[in-house]
>>> print(open('entry-v3.tsv').read())   # TSV, C-alpha atoms
chain	number	residue	atom	x	y	z
W	1	MET	CA	100.14	80.20	134.97
W	2	GLU	CA	99.78	80.86	138.69
W	3	SER	CA	96.57	82.57	139.70
W	4	GLU	CA	98.48	85.46	141.36
W	5	LYS	CA	100.15	86.28	138.06
W	6	ALA	CA	96.86	85.95	136.18
W	7	LEU	CA	95.06	88.23	138.62
W	8	GLU	CA	97.82	90.77	138.31
W	9	LEU	CA	97.49	90.80	134.51
W	10	VAL	CA	93.72	91.05	134.65
W	11	LYS	CA	93.58	93.78	137.30
W	12	LYS	CA	95.23	96.20	134.88
W	13	GLN	CA	92.51	95.57	132.30
W	14	LEU	CA	89.50	96.12	134.54
W	15	THR	CA	87.76	98.69	136.68
W	16	ASP	CA	87.76	97.96	140.42
W	17	HIS	CA	84.12	96.99	140.22
W	18	ARG	CA	84.70	94.55	137.39
W	19	TYR	CA	87.76	93.14	139.17
W	20	GLN	CA	85.63	92.42	142.24
W	21	HIS	CA	83.14	90.68	139.94
W	22	THR	CA	86.00	88.63	138.51
W	23	LEU	CA	87.04	87.50	142.00
W	24	GLY	CA	83.45	86.41	142.60
W	25	VAL	CA	83.38	84.47	139.35
W	26	MET	CA	86.69	82.84	140.27
W	27	GLU	CA	85.45	81.64	143.67
W	28	THR	CA	82.18	80.42	142.21
W	29	ALA	CA	83.88	78.65	139.32
W	30	ILE	CA	86.24	76.83	141.69
W	31	SER	CA	83.29	75.70	143.84
W	32	LEU	CA	81.38	74.46	140.81
W	33	ALA	CA	84.47	72.69	139.47
W	34	LYS	CA	84.83	70.85	142.80
W	35	LEU	CA	81.14	69.98	142.83
W	36	TYR	CA	81.02	68.70	139.26
W	37	ASP	CA	84.48	67.18	139.14
W	38	ALA	CA	85.96	69.57	136.59
W	39	ASP	CA	89.57	70.76	136.43
W	40	GLU	CA	89.76	73.36	139.23
W	41	LYS	CA	92.90	75.00	137.92
W	42	LYS	CA	91.40	75.52	134.47
W	43	ALA	CA	88.16	76.80	135.98
W	44	GLU	CA	90.17	79.27	138.07
W	45	LEU	CA	92.17	80.61	135.13
W	46	ALA	CA	89.20	80.80	132.77
W	47	ALA	CA	87.25	82.71	135.41
W	48	ILE	CA	90.09	85.12	136.09
W	49	PHE	CA	90.48	85.90	132.39
W	50	HIS	CA	86.82	85.75	131.28
W	51	ASP	CA	86.31	89.54	131.15
W	52	TYR	CA	89.84	90.40	130.04
W	53	ALA	CA	88.62	92.33	126.97
W	54	LYS	CA	85.58	93.94	128.62
W	55	PHE	CA	86.88	97.50	128.40
W	56	ARG	CA	88.61	97.44	125.05
W	57	PRO	CA	87.37	100.07	122.61
W	58	LYS	CA	84.59	98.91	120.33
W	59	GLU	CA	86.63	99.68	117.25
W	60	GLU	CA	89.45	97.41	118.43
W	61	MET	CA	86.97	94.63	119.19
W	62	LYS	CA	85.34	94.95	115.76
W	63	GLU	CA	88.71	94.82	114.08
W	64	ILE	CA	89.70	91.66	115.98
W	65	ILE	CA	86.37	89.95	115.21
W	66	LEU	CA	86.84	90.65	111.50
W	67	SER	CA	90.55	89.86	111.29
W	68	GLN	CA	90.56	86.73	113.49
W	69	GLY	CA	87.76	84.88	111.74
W	70	PHE	CA	85.12	85.15	114.45
W	71	PRO	CA	81.54	85.07	113.10
W	72	ARG	CA	80.89	88.40	111.36
W	73	ASP	CA	77.26	88.36	112.44
W	74	LEU	CA	78.40	89.17	115.99
W	75	LEU	CA	78.70	92.73	114.73
W	76	ASP	CA	74.97	92.80	113.94
W	77	TYR	CA	74.12	91.99	117.55
W	78	ASN	CA	74.62	93.62	120.94
W	79	ALA	CA	78.20	94.82	121.50
W	80	GLU	CA	78.05	93.20	124.95
W	81	LEU	CA	78.72	89.93	123.16
W	82	TRP	CA	82.00	91.01	121.60
W	83	HIS	CA	84.33	90.96	124.61
W	84	ALA	CA	83.99	87.19	124.97
W	85	PRO	CA	85.50	86.05	121.64
W	86	VAL	CA	87.84	89.04	121.59
W	87	GLY	CA	88.94	88.11	125.12
W	88	SER	CA	89.78	84.56	124.09
W	89	TYR	CA	92.03	85.98	121.37
W	90	LEU	CA	93.74	88.61	123.55
W	91	VAL	CA	94.28	86.29	126.49
W	92	GLU	CA	96.23	84.01	124.20
W	93	LYS	CA	98.10	86.82	122.45
W	94	GLU	CA	98.84	89.09	125.40
W	95	ALA	CA	98.80	86.78	128.42
W	96	GLY	CA	100.15	83.69	126.71
W	97	VAL	CA	97.35	81.34	127.75
W	98	THR	CA	97.20	78.55	125.18
W	99	ASP	CA	94.96	75.91	126.73
W	100	PRO	CA	92.10	75.51	124.21
W	101	GLU	CA	89.57	74.53	126.89
W	102	ILE	CA	90.26	77.69	128.87
W	103	LEU	CA	90.15	79.82	125.72
W	104	ALA	CA	86.83	78.26	124.65
W	105	ALA	CA	85.33	78.89	128.10
W	106	ILE	CA	86.27	82.57	127.74
W	107	ARG	CA	85.02	82.73	124.16
W	108	PHE	CA	81.58	81.32	124.86
W	109	HIS	CA	80.92	82.73	128.32
W	110	THR	CA	78.34	85.27	127.08
W	111	SER	CA	76.59	83.64	124.13
W	112	GLY	CA	76.92	79.99	125.08
W	113	ARG	CA	77.01	77.49	122.22
W	114	PRO	CA	75.37	74.19	121.41
W	115	GLY	CA	77.42	71.35	122.85
W	116	MET	CA	79.04	73.34	125.64
W	117	THR	CA	81.80	71.56	127.58
W	118	LEU	CA	81.64	71.17	131.35
W	119	LEU	CA	84.20	73.94	131.79
W	120	GLU	CA	82.25	76.27	129.48
W	121	LYS	CA	79.08	75.65	131.45
W	122	ILE	CA	80.85	76.34	134.73
W	123	ILE	CA	82.27	79.68	133.57
W	124	TYR	CA	78.96	80.75	131.98
W	125	LEU	CA	77.08	79.99	135.19
W	126	ALA	CA	79.71	81.34	137.57
W	127	ASP	CA	79.51	84.63	135.68
W	128	TYR	CA	75.75	84.62	136.15
W	129	ILE	CA	75.54	83.66	139.84
W	130	GLU	CA	78.72	84.99	141.49
W	131	PRO	CA	77.94	86.57	144.89
W	132	GLY	CA	78.04	90.13	143.53
W	133	ARG	CA	75.12	89.51	141.16
W	134	HIS	CA	71.75	90.82	142.27
W	135	PHE	CA	68.80	90.55	139.92
W	136	PRO	CA	65.43	88.82	139.85
W	137	GLY	CA	65.79	85.07	139.55
W	138	VAL	CA	69.48	84.82	140.45
W	139	ASP	CA	68.84	83.01	143.76
W	140	GLU	CA	66.79	80.34	142.00
W	141	VAL	CA	69.68	79.73	139.58
W	142	ARG	CA	72.18	79.67	142.49
W	143	GLU	CA	70.13	76.97	144.14
W	144	LEU	CA	69.75	74.96	140.93
W	145	ALA	CA	73.49	75.22	140.29
W	146	ARG	CA	74.18	73.25	143.45
W	147	LYS	CA	71.92	70.44	142.26
W	148	ASN	CA	72.10	70.24	138.51
W	149	LEU	CA	74.35	72.25	136.23
W	150	ASP	CA	72.23	71.84	133.10
W	151	LEU	CA	68.99	72.85	134.79
W	152	ALA	CA	70.71	75.92	136.20
W	153	LEU	CA	72.07	76.78	132.78
W	154	ILE	CA	68.67	76.35	131.12
W	155	LYS	CA	67.07	78.60	133.71
W	156	SER	CA	69.75	81.27	133.35
W	157	ILE	CA	69.41	81.29	129.55
W	158	GLN	CA	65.61	81.45	129.80
W	159	ASN	CA	65.98	84.46	132.12
W	160	THR	CA	68.46	86.10	129.79
W	161	ILE	CA	66.31	85.64	126.68
W	162	ILE	CA	63.17	86.89	128.46
W	163	PHE	CA	65.13	89.91	129.72
W	164	LEU	CA	66.23	90.72	126.16
W	165	LEU	CA	62.75	90.21	124.69
W	166	LYS	CA	61.18	92.49	127.28
W	167	LYS	CA	63.70	95.20	126.36
W	168	ASN	CA	62.97	94.77	122.62
W	169	GLN	CA	66.51	93.57	122.03
W	170	THR	CA	67.65	90.98	119.54
W	171	VAL	CA	68.84	87.56	120.71
W	172	TYR	CA	72.09	86.19	119.28
W	173	PRO	CA	71.33	82.89	117.50
W	174	ASP	CA	73.94	80.90	119.46
W	175	THR	CA	72.06	81.76	122.64
W	176	PHE	CA	68.80	80.21	121.55
W	177	TYR	CA	70.58	77.33	119.88
W	178	THR	CA	72.28	76.69	123.23
W	179	TYR	CA	68.90	76.76	124.97
W	180	ASN	CA	67.30	74.35	122.48
W	181	ASP	CA	70.37	72.10	122.63
W	182	LEU	CA	70.35	71.86	126.44
W	183	LEU	CA	66.63	71.21	126.48
W	184	LYS	CA	66.79	68.48	123.88
W	185	ASN	CA	69.55	66.67	125.70
W	186	ARG	CA	67.70	66.71	128.97
W	187	ARG	CA	64.09	66.14	129.99
W	188	ILE	CA	63.19	68.63	132.67
W	189	ASP	CA	59.42	68.55	132.79
J	190	MET	CA	38.18	80.16	94.30
J	191	GLU	CA	35.06	81.61	95.91
J	192	SER	CA	35.12	81.82	99.67
J	193	GLU	CA	31.94	79.70	99.96
J	194	LYS	CA	33.63	76.84	98.17
J	195	ALA	CA	36.81	77.26	100.22
J	196	LEU	CA	34.85	77.26	103.49
J	197	GLU	CA	33.01	74.14	102.41
J	198	LEU	CA	36.28	72.33	101.72
J	199	VAL	CA	37.82	73.45	105.00
J	200	LYS	CA	34.80	72.65	107.16
J	201	LYS	CA	35.26	68.95	106.39
J	202	GLN	CA	38.84	69.07	107.66
J	203	LEU	CA	38.18	70.76	110.99
J	204	THR	CA	36.36	70.35	114.27
J	205	ASP	CA	33.51	72.81	114.85
J	206	HIS	CA	35.65	74.69	117.35
J	207	ARG	CA	38.52	75.02	114.91
J	208	TYR	CA	36.12	76.02	112.13
J	209	GLN	CA	34.80	78.85	114.31
J	210	HIS	CA	38.41	79.92	114.90
J	211	THR	CA	38.95	79.88	111.15
J	212	LEU	CA	35.96	82.19	110.61
J	213	GLY	CA	37.45	84.56	113.18
J	214	VAL	CA	40.81	84.51	111.43
J	215	MET	CA	39.07	85.16	108.12
J	216	GLU	CA	37.23	88.24	109.40
J	217	THR	CA	40.33	89.58	111.12
J	218	ALA	CA	42.53	88.97	108.09
J	219	ILE	CA	40.08	90.85	105.83
J	220	SER	CA	40.02	93.80	108.25
J	221	LEU	CA	43.81	93.91	108.42
J	222	ALA	CA	44.08	93.62	104.64
J	223	LYS	CA	41.77	96.64	104.27
J	224	LEU	CA	43.70	98.58	106.88
J	225	TYR	CA	47.14	97.86	105.42
J	226	ASP	CA	46.16	97.87	101.78
J	227	ALA	CA	46.81	94.18	101.10
J	228	ASP	CA	44.90	91.95	98.68
J	229	GLU	CA	41.66	91.21	100.55
J	230	LYS	CA	40.76	88.20	98.44
J	231	LYS	CA	44.14	86.56	99.05
J	232	ALA	CA	43.94	87.36	102.76
J	233	GLU	CA	40.49	85.78	102.89
J	234	LEU	CA	41.56	82.57	101.15
J	235	ALA	CA	44.81	82.21	103.08
J	236	ALA	CA	42.89	82.66	106.34
J	237	ILE	CA	40.23	80.13	105.37
J	238	PHE	CA	42.86	77.53	104.51
J	239	HIS	CA	45.50	78.31	107.17
J	240	ASP	CA	44.60	75.37	109.46
J	241	TYR	CA	43.62	72.96	106.69
J	242	ALA	CA	46.09	70.28	107.88
J	243	LYS	CA	45.57	70.83	111.62
J	244	PHE	CA	43.99	67.45	112.27
J	245	ARG	CA	46.01	65.25	109.96
J	246	PRO	CA	47.72	62.31	111.67
J	247	LYS	CA	51.27	63.04	112.80
J	248	GLU	CA	52.62	60.20	110.71
J	249	GLU	CA	51.10	61.67	107.54
J	250	MET	CA	52.53	65.10	108.39
J	251	LYS	CA	55.99	63.65	109.01
J	252	GLU	CA	55.88	61.81	105.75
J	253	ILE	CA	54.91	64.97	103.83
J	254	ILE	CA	57.62	67.05	105.53
J	255	LEU	CA	60.25	64.49	104.54
J	256	SER	CA	58.99	63.78	101.02
J	257	GLN	CA	58.20	67.37	100.00
J	258	GLY	CA	61.53	68.90	100.95
J	259	PHE	CA	60.41	70.93	103.95
J	260	PRO	CA	63.19	71.50	106.53
J	261	ARG	CA	63.82	68.20	108.31
J	262	ASP	CA	64.60	69.97	111.56
J	263	LEU	CA	60.87	70.71	111.92
J	264	LEU	CA	60.60	67.11	113.13
J	265	ASP	CA	62.94	67.92	116.05
J	266	TYR	CA	60.59	70.64	117.26
J	267	ASN	CA	57.02	70.87	118.53
J	268	ALA	CA	54.56	69.00	116.32
J	269	GLU	CA	52.29	72.06	116.52
J	270	LEU	CA	54.54	73.58	113.87
J	271	TRP	CA	53.98	70.84	111.30
J	272	HIS	CA	50.45	71.62	110.12
J	273	ALA	CA	51.53	74.93	108.60
J	274	PRO	CA	53.98	73.70	105.93
J	275	VAL	CA	51.97	70.49	105.49
J	276	GLY	CA	48.86	72.63	105.02
J	277	SER	CA	50.49	74.68	102.28
J	278	TYR	CA	51.23	71.43	100.44
J	279	LEU	CA	47.80	69.86	100.91
J	280	VAL	CA	45.88	73.01	100.05
J	281	GLU	CA	47.63	73.03	96.70
J	282	LYS	CA	47.29	69.30	96.14
J	283	GLU	CA	43.77	68.72	97.41
J	284	ALA	CA	42.05	72.09	97.06
J	285	GLY	CA	43.89	73.24	93.95
J	286	VAL	CA	45.06	76.58	95.36
J	287	THR	CA	48.17	77.55	93.42
J	288	ASP	CA	48.78	81.19	94.34
J	289	PRO	CA	52.30	81.21	95.83
J	290	GLU	CA	51.56	84.17	98.12
J	291	ILE	CA	48.58	82.40	99.66
J	292	LEU	CA	50.53	79.15	100.02
J	293	ALA	CA	53.44	80.98	101.69
J	294	ALA	CA	51.07	82.69	104.12
J	295	ILE	CA	49.74	79.26	105.11
J	296	ARG	CA	53.21	77.75	105.30
J	297	PHE	CA	54.67	80.38	107.62
J	298	HIS	CA	51.65	81.18	109.75
J	299	THR	CA	53.02	79.39	112.84
J	300	SER	CA	56.80	79.80	112.71
J	301	GLY	CA	57.05	83.08	110.84
J	302	ARG	CA	60.19	83.61	108.78
J	303	PRO	CA	62.69	86.41	108.23
J	304	GLY	CA	61.50	88.71	105.47
J	305	MET	CA	57.78	87.97	105.87
J	306	THR	CA	55.51	89.46	103.21
J	307	LEU	CA	52.60	91.72	104.11
J	308	LEU	CA	50.15	88.86	103.51
J	309	GLU	CA	52.20	86.49	105.70
J	310	LYS	CA	52.23	89.04	108.51
J	311	ILE	CA	48.47	89.53	108.24
J	312	ILE	CA	47.70	85.82	108.46
J	313	TYR	CA	50.16	85.27	111.31
J	314	LEU	CA	48.61	88.10	113.30
J	315	ALA	CA	45.00	87.34	112.42
J	316	ASP	CA	45.58	83.82	113.77
J	317	TYR	CA	46.91	85.34	117.00
J	318	ILE	CA	44.29	88.01	117.62
J	319	GLU	CA	41.02	86.71	116.09
J	320	PRO	CA	38.05	87.41	118.40
J	321	GLY	CA	37.97	83.84	119.75
J	322	ARG	CA	41.47	84.13	121.24
J	323	HIS	CA	41.64	84.77	124.97
J	324	PHE	CA	45.02	84.78	126.67
J	325	PRO	CA	47.19	87.26	128.57
J	326	GLY	CA	48.50	89.99	126.30
J	327	VAL	CA	46.16	89.42	123.36
J	328	ASP	CA	44.32	92.72	123.83
J	329	GLU	CA	47.58	94.65	123.72
J	330	VAL	CA	48.46	92.98	120.42
J	331	ARG	CA	44.94	93.64	119.07
J	332	GLU	CA	45.40	97.31	119.81
J	333	LEU	CA	48.88	97.44	118.30
J	334	ALA	CA	47.61	95.66	115.17
J	335	ARG	CA	45.33	98.58	114.43
J	336	LYS	CA	48.26	100.99	114.56
J	337	ASN	CA	51.35	99.22	113.36
J	338	LEU	CA	51.53	95.73	111.93
J	339	ASP	CA	55.25	95.18	112.66
J	340	LEU	CA	54.99	96.29	116.29
J	341	ALA	CA	52.03	93.97	116.77
J	342	LEU	CA	53.96	91.13	115.21
J	343	ILE	CA	57.04	91.76	117.36
J	344	LYS	CA	54.88	91.80	120.49
J	345	SER	CA	53.08	88.59	119.53
J	346	ILE	CA	56.36	86.79	118.84
J	347	GLN	CA	57.84	88.04	122.12
J	348	ASN	CA	54.76	86.68	123.94
J	349	THR	CA	55.00	83.36	122.12
J	350	ILE	CA	58.70	82.88	122.86
J	351	ILE	CA	58.28	83.81	126.53
J	352	PHE	CA	55.33	81.39	126.78
J	353	LEU	CA	57.47	78.56	125.35
J	354	LEU	CA	60.47	79.41	127.55
J	355	LYS	CA	58.33	79.39	130.69
J	356	LYS	CA	57.03	75.95	129.74
J	357	ASN	CA	60.58	74.64	129.17
J	358	GLN	CA	59.82	74.11	125.51
J	359	THR	CA	62.20	74.53	122.62
J	360	VAL	CA	61.75	77.44	120.22
J	361	TYR	CA	61.96	76.80	116.49
J	362	PRO	CA	64.92	78.84	115.11
J	363	ASP	CA	62.81	80.56	112.42
J	364	THR	CA	60.73	82.11	115.17
J	365	PHE	CA	63.80	83.73	116.73
J	366	TYR	CA	65.11	84.74	113.33
J	367	THR	CA	61.75	86.35	112.51
J	368	TYR	CA	61.87	88.28	115.77
J	369	ASN	CA	65.45	89.48	115.22
J	370	ASP	CA	64.66	90.36	111.62
J	371	LEU	CA	61.59	92.45	112.49
J	372	LEU	CA	63.49	94.23	115.24
J	373	LYS	CA	66.46	95.05	113.05
J	374	ASN	CA	64.27	96.48	110.35
J	375	ARG	CA	62.42	98.71	112.76
J	376	ARG	CA	63.44	100.84	115.74
J	377	ILE	CA	60.81	100.54	118.41
J	378	ASP	CA	62.49	101.83	121.52
>>> encode(input="entry-v3.tsv", output="C-alpha cells")
Amino acid sequence: MESEKALELVKKQLTDHRYQHTLGVMETAISLAKLYDADEKKAELAAIFHDYAKFRPKEEMKEIILSQGFPRDLLDYNAELWHAPVGSYLVEKEAGVTDPEILAAIRFHTSGRPGMTLLEKIIYLADYIEPGRHFPGVDEVRELARKNLDLALIKSIQNTIIFLLKKNQTVYPDTFYTYNDLLKNRRID
Amino acid sequence: MESEKALELVKKQLTDHRYQHTLGVMETAISLAKLYDADEKKAELAAIFHDYAKFRPKEEMKEIILSQGFPRDLLDYNAELWHAPVGSYLVEKEAGVTDPEILAAIRFHTSGRPGMTLLEKIIYLADYIEPGRHFPGVDEVRELARKNLDLALIKSIQNTIIFLLKKNQTVYPDTFYTYNDLLKNRRID
C-alpha cells in the first residue's frame, strides 16, 4: 500500500491531534529504519497504522480481544493497552494489510514482548520519542535511540514502569518480561 | 520451638550484623502480628529463621533450588533471591521446623507472591522496615505499616522495583505479580 492511501485511511480514524502524532511516529520510524537498516517501507506503514484502533469504543475492543484469541488477561489491565492488538486485527480486516511483520509491530507497540523484532522495536520507540512527545526523560531516550536501539528501549520501558508504579497502576506482564528480556540479552552496566 | 533455641541455631548461620538485623525483624514482626491479629509465635519463629540460608555458598543454593523443585528461573535472576526458598528448605531439614505457614513466610520473604498470607506479608514487611534499615522511603513505609499492611506492602514493592530498574537490574516476575495482585485487590487511589 502507498503511504498516501494509508494516511488517508488512518486520518478518518483519528483526531487531528492523534493524526499529527502519527505523522511524527512515521517520520521517526523511517529515520530509525534507515539508521538500523530495517525495511523503511514496512516501518512507514506500521507507524502510519499503529494507532488505527485508538478511538474505537471500549466495548468493541473487548469483543475483538475475546473473539480473536488475544490474551484475555489484557482485559484485567489498563484499557490503554487494548488498541494495539485490536489495531493489528482491524488494520488487516479493514485496511487489507497482511504483512505479518507490520501487524506484529502494531500489535506489540504498547506492551512490547520478549523477543521483539527490529521492526517492533522501531515502532515502539518511534511512538515514544516522536517530536510531539514532551515528558521527563524523553530527550535522554531520543539521544540513546541514535546510538543504540536496545539501550533506548530499556530506558523507555524503565521510565514507563516507574511512571505506572508512581501512579499506583498495574504493569502488564509482557512489559516487564520485555524489560527483563532486553536486559538479559545485553550487558549495559 | 522456643525462640531461645531458634536464635541459638540461627546465630551460628549469620554474621553479627545479620544477626542484629534478624533481631530487628523479630521485634517488628511480633509488633505487626499483635497489630494485625496474626499468630505472634509463628511470626516470631518465621522472623528468626528468615535469613537462615543467607550465607550459604551459591553452589549449594543452586543445587538445592534444582533438586528440591523450586522454580528453575530463579537461577536466571539475582542471586539475592535464592536464600529465601533455600532457607525454607534448610530450616525444615536442619532445624526441624515443619509448620507450612512459617516455611512459606521464609520462602517468599524476598520475592513475595500473588495471594500472600497475612504471615507472609508481616515477614516481608518486617524485613523491609526493621529499625536497622536506613534507606530513602523506609520511614514512609514504617508509617503506612502501622495503618494498613497492604498499602505498606505496595509501597515497599514499588520502591524495590524502582530501585532495581534504576540500577538496570532485572525484576523477578513474582515481584511484579505480587504488586499487581495487591493493587487489584485493593483500591488505593
>>> closest_atom_pairs(input="entry-v3.tsv", of="region 56-120 of chain W", to="region 175-184 of chain W", cutoff="7 Å", atoms="all atoms listed in the file", output="CSV")
residue,atom,partner,partner_atom,distance
W:Ser111,CA,W:Thr175,CA,5.1
W:Gly112,CA,W:Thr175,CA,5.7
W:Arg113,CA,W:Thr178,CA,4.9
W:Pro114,CA,W:Thr178,CA,4.4
>>> closest_atom_pairs(input="entry-v3.tsv", of="chain W", to="chain J", cutoff="10 Å", atoms="all atoms listed in the file", output="CSV")
residue,atom,partner,partner_atom,distance
W:Asp76,CA,J:Lys373,CA,8.8
W:Tyr77,CA,J:Asn369,CA,9.3
W:Ile154,CA,J:Asn357,CA,8.5
W:Lys155,CA,J:Asn357,CA,8.9
W:Ile157,CA,J:Leu354,CA,9.4
W:Gln158,CA,J:Leu354,CA,6.0
W:Asn159,CA,J:Leu354,CA,8.8
W:Ile161,CA,J:Ile351,CA,8.2
W:Ile162,CA,J:Ile351,CA,6.1
W:Phe163,CA,J:Ile351,CA,9.7
W:Leu164,CA,J:Gln347,CA,9.7
W:Leu165,CA,J:Gln347,CA,6.0
W:Lys166,CA,J:Gln347,CA,7.6
W:Lys167,CA,J:Asp378,CA,8.3
W:Asn168,CA,J:Asp378,CA,7.2
W:Gln169,CA,J:Leu372,CA,7.5
W:Thr170,CA,J:Asn369,CA,5.1
W:Val171,CA,J:Asn369,CA,6.7
W:Tyr172,CA,J:Asn369,CA,8.4
W:Pro173,CA,J:Phe365,CA,7.6
W:Phe176,CA,J:Pro362,CA,7.6
W:Tyr177,CA,J:Pro362,CA,7.6
W:Tyr179,CA,J:Thr359,CA,7.4
W:Asn180,CA,J:Thr359,CA,5.1
W:Asp181,CA,J:Thr359,CA,8.5
W:Leu182,CA,J:Thr359,CA,9.4
W:Leu183,CA,J:Thr359,CA,6.7
W:Lys184,CA,J:Thr359,CA,7.7
W:Arg187,CA,J:Asn357,CA,9.2
W:Ile188,CA,J:Asn357,CA,7.4
W:Asp189,CA,J:Asn357,CA,7.2
>>> atom_distance(input="entry-v3.tsv", atom1="CA of Ile102 (chain W)", atom2="CA of Lys42 (chain W)")
6.1 Å
>>> closest_residue(input="entry-v3.tsv", among="J:Ile311, J:Ile295, J:Met305, J:Leu340", to="Glu229 (chain J)", atoms="all atoms listed in the file")
J:Ile311
>>> residues_around(input="entry-v3.tsv", residues="Lys5 (chain W)", least_positions_apart="4", cutoff="12 Å", atoms="only C-alpha atoms", output="ChimeraX atom specification")
/W:1,9-12,45,48-49,95-97
>>> atom_distance(input="entry-v3.tsv", atom1="CA of Glu329 (chain J)", atom2="CA of Asn267 (chain J)")
26.1 Å
>>> atom_distance(input="entry-v3.tsv", atom1="CA of Phe259 (chain J)", atom2="CA of Arg296 (chain J)")
10.0 Å
>>> axis_aligned_box(input="entry-v3.tsv", around="region 303-310 of chain J", padding_each_side="4 Å", output="AutoDock Vina command-line options")
--center_x 56.4 --center_y 89.1 --center_z 105.9 --size_x 20.5 --size_y 13.3 --size_z 13.3
>>> closest_residue(input="entry-v3.tsv", among="W:Lys93, W:Arg56, W:Arg18, W:Arg142", to="Gln68 (chain W)", atoms="only C-alpha atoms")
W:Lys93
>>> residues_around(input="entry-v3.tsv", residues="Ala293 (chain J)", least_positions_apart="3", cutoff="8 Å", atoms="only C-alpha atoms", output="list of chain:residue names")
J:Ser277, J:Pro289, J:Glu290, J:Arg296, J:Phe297, J:Glu309
>>> residues_around(input="entry-v3.tsv", residues="Ala53 (chain W)", least_positions_apart="3", cutoff="8 Å", atoms="only C-alpha atoms", output="ChimeraX atom specification")
/W:13,56,83-84,86-87,90
>>> decode(input="entry-v3.tsv", residues="region 142-154 of chain W", atoms="N, CA, C and O atoms", output="tab-separated table (two decimals), in the first residue's frame")
chain	number	residue	atom	x	y	z
W	142	ARG	N	15.66	9.87	23.28
W	142	ARG	CA	15.93	10.31	21.89
W	142	ARG	C	17.41	10.18	21.56
W	142	ARG	O	17.79	9.70	20.50
W	143	GLU	N	18.22	10.63	22.50
W	143	GLU	CA	19.67	10.58	22.29
W	143	GLU	C	20.17	9.12	22.22
W	143	GLU	O	20.93	8.77	21.32
W	144	LEU	N	19.68	8.31	23.16
W	144	LEU	CA	20.08	6.90	23.15
W	144	LEU	C	19.66	6.22	21.85
W	144	LEU	O	20.37	5.37	21.32
W	145	ALA	N	18.49	6.59	21.34
W	145	ALA	CA	17.95	5.92	20.15
W	145	ALA	C	18.86	6.11	18.93
W	145	ALA	O	18.87	5.30	18.02
W	146	ARG	N	19.62	7.20	18.95
W	146	ARG	CA	20.54	7.42	17.82
W	146	ARG	C	21.78	6.55	17.93
W	146	ARG	O	22.50	6.35	16.96
W	147	LYS	N	22.03	6.06	19.16
W	147	LYS	CA	23.26	5.29	19.38
W	147	LYS	C	23.04	3.79	19.50
W	147	LYS	O	23.84	2.99	19.05
W	148	ASN	N	21.97	3.45	20.21
W	148	ASN	CA	21.77	2.02	20.49
W	148	ASN	C	20.29	1.77	20.76
W	148	ASN	O	19.74	2.20	21.78
W	149	LEU	N	19.68	1.04	19.86
W	149	LEU	CA	18.23	0.83	19.92
W	149	LEU	C	17.81	0.12	21.21
W	149	LEU	O	16.82	0.49	21.84
W	150	ASP	N	18.57	-0.90	21.59
W	150	ASP	CA	18.18	-1.67	22.78
W	150	ASP	C	18.30	-0.84	24.06
W	150	ASP	O	17.44	-0.92	24.94
W	151	LEU	N	19.37	-0.07	24.17
W	151	LEU	CA	19.52	0.77	25.36
W	151	LEU	C	18.38	1.79	25.44
W	151	LEU	O	17.87	2.08	26.53
W	152	ALA	N	18.01	2.33	24.29
W	152	ALA	CA	16.91	3.30	24.27
W	152	ALA	C	15.61	2.63	24.70
W	152	ALA	O	14.82	3.20	25.46
W	153	LEU	N	15.41	1.43	24.22
W	153	LEU	CA	14.20	0.68	24.55
W	153	LEU	C	14.16	0.36	26.04
W	153	LEU	O	13.12	0.52	26.71
W	154	ILE	N	15.28	-0.09	26.58
W	154	ILE	CA	15.35	-0.41	28.01
W	154	ILE	C	15.01	0.84	28.83
W	154	ILE	O	14.19	0.81	29.75
